[in-house]
Amino acid sequence: MAVALRQRGKSYSAYWREDGKVKEKSLGSNMRLARIEMSAIEKRLDDKKNGAEKEILWEDYVARYMNFCETNMAPATVVRVRVVFSNIRKYMPLRNLRDMTPEFLEEYKLARKNAGIEPSTINREIVTVKSSMKSAAQWGYALPNIWGVRKMPTVKKRPVFFTHEEVEKLLAAADPLWQMAIRLGVFLGLRRGEMLNLRWDDIDFQNDIVRIKPNEEWHPKDREEREIPLHPELKSHLNRWRAACKNDEQRVIPWYYKVIAFSQAFSRIIQRAGINKGSLHTLRHTFASHLAMAGVDLLRIGRMMGHSTVVTTQIYAHLLSSSLKEAMTFMPAFGSNGALNSHVAIERS
């Protein structure tokens with residue numbers, strides 16, 4: 001079967017038709033590796049056409065998939081996948097890959113629910129399993145059709161964010177490094193990985209732009225690059241912080257410990273500040289929430305946040321209420337010349 005290789009920007013993608021649908025897979029920015037992966041897809045399709053689907057033990061497949069994750073996914077994602085597989089093993093060990101059936105997943109969902117796990121967490125686990133099964137299908141393994149397993153209904157919670165006064169308390173309770181990290185979250189809406197991998201070369205002080213882009217050791221979520229305007233106050237603090245850093249330090253936040261320790265350290269700052277809510281990610285919500293309250297539209301907020309779809313940004317929509325009321329004042333007063341009243345009078349007569 002023919003597989004088309006197309007380039008979009010710096011990335012390559014494979015396109016092919018399977019089971020009556022057009023499929024697409026991102027292959028990264030390396031042409032040689034993209035062609036190797038494209039050949040693997042073609043071989044799998046040929047094997048499938050000839051009825052040569054392979055069998056594999058569940059634990060053997062988990063080992064192979066984890067190796068794939070280590071190579072192609074961010075460390076935090078690898079940890080999440082490993083935890084999901086561990087939970088499955090505790091619930092009911094599977095013998096073969098074929099045993100991952102829709103019935104098994106439904107039973108797993110119920111068991112996790114009865115254990116007190118939040119529906120949103122269970123849904124993320126189901127998505128992780130489905131993602132692993134997509135790789136199994138691409139590698140030519142025989143497996144049941146689990147794609148119809150639905151997510152559990154969830155209540156969308158409004159995001160927690162820090163007020164202006166709470167941000168001031170956090171800054172007062174933090175040392176210089178953490179003051180810089182807090183400002184990166186509040187003024188740029190950076191994720192944890194983006195904070196820790198932001199380099200001085202990513203900041204264009206002349207044009208007041210911060211670029212979130214991959215480097216040789218890390219890439220942003222969805223591998224999407226983006227630009228964020230540099231706030232004048234943040235620019236001032238960055239200049240002073242750079243002068244205080246070592247000349248050979250490339251990272252804006254030089255953190256030499258485990259990534260999880262970064263989040264834990266911020267939780268301690270929250271406690272010292274006397275605030276009883278939030279986490280490191282709340283700084284990102286703070287950025288978006290204050291923009292929404294200032295009347296910035298969701299499309300622009302989403303672009304600065306790096307959201308792949310505006311649907312993700314909808315969680316901040318309730319904060320736009322005041323700007324929506326203001327927008328209504330631009331609506332023309334239809335019928336103000338009396339024409340509408342005359343029409344109503346005719347109908348009544």
# chains A, B, ... in the order shown; residues from 1 in each chain; ligands from 1
>>> select_by_dssp(residues="stretch 21-260 of chain A", states="alpha helix (DSSP H)", output="count of residues only")
127
>>> select_by_dssp(residues="stretch 30-182 of chain A", states="strand (DSSP E or B)", output="list of chain:residue names")
A:Lys54, A:Leu57, A:Asn96, A:Tyr141
>>> closest_atom_pairs(of="stretch 152-238 of chain A", to="stretch 1-11 of chain A", cutoff="12 Å", atoms="only C-alpha atoms", output="tab-separated table")
residue	atom	partner	partner_atom	distance
A:Asp222	CA	A:Ser11	CA	11.8
A:Arg223	CA	A:Ser11	CA	9.6
A:Glu224	CA	A:Ser11	CA	10.5
A:Glu225	CA	A:Lys10	CA	11.1
>>> atom_distance(atom1="atom CA of A:Lys151", atom2="atom CA of A:Cys69")
23.2 Å
>>> residues_around(residues="A:Pro102", least_positions_apart="2", cutoff="6 Å", atoms="only C-alpha atoms", output="list of chain:residue names")
A:Phe104, A:Leu105, A:Ile146
>>> residues_around(residues="A:Gly189", least_positions_apart="4", cutoff="7 Å", atoms="only C-alpha atoms", output="list in words")
Leu184, Gly185, Leu283, Arg284, Phe287, Ala288 and Met305 of chain A
>>> write_last_selection(atoms="N, CA and C atoms", output="mmCIF file, in the first residue's frame")
data_model
loop_
_atom_site.group_PDB
_atom_site.id
_atom_site.type_symbol
_atom_site.label_atom_id
_atom_site.label_comp_id
_atom_site.auth_asym_id
_atom_site.auth_seq_id
_atom_site.Cartn_x
_atom_site.Cartn_y
_atom_site.Cartn_z
ATOM 1 N N LEU A 184 8.185 34.286 35.456
ATOM 2 C CA LEU A 184 8.072 33.599 34.165
ATOM 3 C C LEU A 184 6.700 32.956 34.020
ATOM 4 N N GLY A 185 6.174 32.428 35.137
ATOM 5 C CA GLY A 185 4.851 31.822 35.096
ATOM 6 C C GLY A 185 3.750 32.852 34.953
ATOM 7 N N LEU A 283 0.512 29.069 38.350
ATOM 8 C CA LEU A 283 1.114 30.286 37.782
ATOM 9 C C LEU A 283 0.694 30.444 36.330
ATOM 10 N N ARG A 284 0.622 29.342 35.605
ATOM 11 C CA ARG A 284 0.192 29.372 34.198
ATOM 12 C C ARG A 284 -1.278 29.785 34.102
ATOM 13 N N PHE A 287 -1.613 33.558 34.626
ATOM 14 C CA PHE A 287 -1.312 34.319 33.411
ATOM 15 C C PHE A 287 -2.560 34.443 32.536
ATOM 16 N N ALA A 288 -3.186 33.306 32.223
ATOM 17 C CA ALA A 288 -4.344 33.302 31.329
ATOM 18 C C ALA A 288 -5.557 33.975 31.969
ATOM 19 N N MET A 305 -0.519 30.757 25.120
ATOM 20 C CA MET A 305 -0.413 29.599 26.011
ATOM 21 C C MET A 305 0.115 28.369 25.287
#
>>> residues_around(residues="A:Glu168", least_positions_apart="6", cutoff="12 Å", atoms="only C-alpha atoms", output="list in words")
Phe162, Ala174, Gln179, Ile182, Arg183, Val186, Ile270, Ala273, Gly274 and Ile275 of chain A
>>> write_last_selection(atoms="C-alpha atoms", output="PDB file, in the first residue's frame")
ATOM      1  CA  PHE A 162      -3.510  33.521  42.147  1.00  0.00           C
ATOM      2  CA  ALA A 174      10.757  33.412  47.533  1.00  0.00           C
ATOM      3  CA  GLN A 179      11.159  35.167  42.178  1.00  0.00           C
ATOM      4  CA  ILE A 182       7.279  33.006  39.512  1.00  0.00           C
ATOM      5  CA  ARG A 183       7.494  35.940  37.133  1.00  0.00           C
ATOM      6  CA  VAL A 186       2.801  34.946  35.735  1.00  0.00           C
ATOM      7  CA  ILE A 270       3.033  28.502  48.767  1.00  0.00           C
ATOM      8  CA  ALA A 273       3.295  32.600  51.834  1.00  0.00           C
ATOM      9  CA  GLY A 274       0.254  31.477  53.797  1.00  0.00           C
ATOM     10  CA  ILE A 275      -1.740  30.546  50.692  1.00  0.00           C
TER      11      ILE A 275
END
>>> residues_around(residues="A:Ser135", least_positions_apart="5", cutoff="10 Å", atoms="only C-alpha atoms", output="list in words")
Tyr65, Phe68, Lys130, Gly140 and Tyr141 of chain A
>>> write_last_selection(atoms="all heavy atoms", output="PDB file, in the first residue's frame")
ATOM      1  N   TYR A  65       6.970  -1.198  24.103  1.00  0.00           N
ATOM      2  CA  TYR A  65       6.354   0.126  24.028  1.00  0.00           C
ATOM      3  C   TYR A  65       7.068   1.117  24.940  1.00  0.00           C
ATOM      4  O   TYR A  65       7.224   2.290  24.578  1.00  0.00           O
ATOM      5  CB  TYR A  65       4.868   0.039  24.399  1.00  0.00           C
ATOM      6  CG  TYR A  65       4.147   1.352  24.236  1.00  0.00           C
ATOM      7  CD1 TYR A  65       3.904   1.880  22.979  1.00  0.00           C
ATOM      8  CD2 TYR A  65       3.714   2.076  25.347  1.00  0.00           C
ATOM      9  CE1 TYR A  65       3.252   3.091  22.814  1.00  0.00           C
ATOM     10  CE2 TYR A  65       3.060   3.290  25.196  1.00  0.00           C
ATOM     11  CZ  TYR A  65       2.834   3.789  23.929  1.00  0.00           C
ATOM     12  OH  TYR A  65       2.193   5.000  23.773  1.00  0.00           O
ATOM     13  N   PHE A  68       9.973   2.414  23.203  1.00  0.00           N
ATOM     14  CA  PHE A  68       9.524   3.404  22.225  1.00  0.00           C
ATOM     15  C   PHE A  68       9.268   4.746  22.910  1.00  0.00           C
ATOM     16  O   PHE A  68       9.646   5.808  22.392  1.00  0.00           O
ATOM     17  CB  PHE A  68       8.247   2.892  21.545  1.00  0.00           C
ATOM     18  CG  PHE A  68       7.535   3.927  20.722  1.00  0.00           C
ATOM     19  CD1 PHE A  68       7.978   4.243  19.445  1.00  0.00           C
ATOM     20  CD2 PHE A  68       6.413   4.578  21.219  1.00  0.00           C
ATOM     21  CE1 PHE A  68       7.311   5.203  18.688  1.00  0.00           C
ATOM     22  CE2 PHE A  68       5.748   5.532  20.469  1.00  0.00           C
ATOM     23  CZ  PHE A  68       6.198   5.846  19.200  1.00  0.00           C
ATOM     24  N   LYS A 130      -5.143   3.659  24.883  1.00  0.00           N
ATOM     25  CA  LYS A 130      -5.504   3.715  23.471  1.00  0.00           C
ATOM     26  C   LYS A 130      -4.314   4.144  22.618  1.00  0.00           C
ATOM     27  O   LYS A 130      -4.102   3.625  21.513  1.00  0.00           O
ATOM     28  CB  LYS A 130      -6.677   4.682  23.265  1.00  0.00           C
ATOM     29  CG  LYS A 130      -8.015   4.144  23.739  1.00  0.00           C
ATOM     30  CD  LYS A 130      -9.131   5.115  23.379  1.00  0.00           C
ATOM     31  CE  LYS A 130     -10.499   4.563  23.761  1.00  0.00           C
ATOM     32  NZ  LYS A 130     -11.595   5.482  23.385  1.00  0.00           N
ATOM     33  N   GLY A 140       1.798  -3.970  13.557  1.00  0.00           N
ATOM     34  CA  GLY A 140       1.288  -5.189  12.968  1.00  0.00           C
ATOM     35  C   GLY A 140       0.829  -6.249  13.930  1.00  0.00           C
ATOM     36  O   GLY A 140       0.645  -7.411  13.546  1.00  0.00           O
ATOM     37  N   TYR A 141       0.592  -5.896  15.208  1.00  0.00           N
ATOM     38  CA  TYR A 141       0.138  -6.888  16.174  1.00  0.00           C
ATOM     39  C   TYR A 141      -1.379  -7.049  16.108  1.00  0.00           C
ATOM     40  O   TYR A 141      -2.114  -6.107  15.818  1.00  0.00           O
ATOM     41  CB  TYR A 141       0.543  -6.474  17.590  1.00  0.00           C
ATOM     42  CG  TYR A 141       2.030  -6.546  17.837  1.00  0.00           C
ATOM     43  CD1 TYR A 141       2.767  -5.396  18.085  1.00  0.00           C
ATOM     44  CD2 TYR A 141       2.699  -7.766  17.810  1.00  0.00           C
ATOM     45  CE1 TYR A 141       4.136  -5.447  18.297  1.00  0.00           C
ATOM     46  CE2 TYR A 141       4.071  -7.831  18.030  1.00  0.00           C
ATOM     47  CZ  TYR A 141       4.787  -6.670  18.265  1.00  0.00           C
ATOM     48  OH  TYR A 141       6.134  -6.729  18.478  1.00  0.00           O
TER      49      TYR A 141
END
>>> residues_around(residues="stretch 89-100 of chain A", least_positions_apart="6", cutoff="7 Å", atoms="only C-alpha atoms", output="list in words")
Ile56, Leu57, Trp58, Ala142, Leu143 and Pro144 of chain A
>>> closest_residue(among="A:Thr71, A:Ser289, A:Asn247, A:Gln138", to="A:Glu24", atoms="only C-alpha atoms")
A:Gln138
>>> atom_distance(atom1="atom CA of A:His281", atom2="atom CA of A:Met293")
18.7 Å
>>> closest_residue(among="A:Cys245, A:Val252, A:Val81, A:Ile88", to="A:Val210", atoms="only C-alpha atoms")
A:Val252
>>> closest_residue(among="A:Lys43, A:Arg112, A:Lys134, A:Lys258", to="A:Arg192", atoms="only C-alpha atoms")
A:Lys258
>>> atom_distance(atom1="atom CA of A:Ile269", atom2="atom CA of A:Lys169")
9.5 Å
>>> closest_residue(among="A:Pro214, A:Pro332, A:Pro119, A:Gly278", to="A:Ser263", atoms="only C-alpha atoms")
A:Gly278
>>> closest_residue(among="A:Tyr12, A:Phe205, A:Phe262, A:Phe334", to="A:Ile36", atoms="only C-alpha atoms")
A:Tyr12
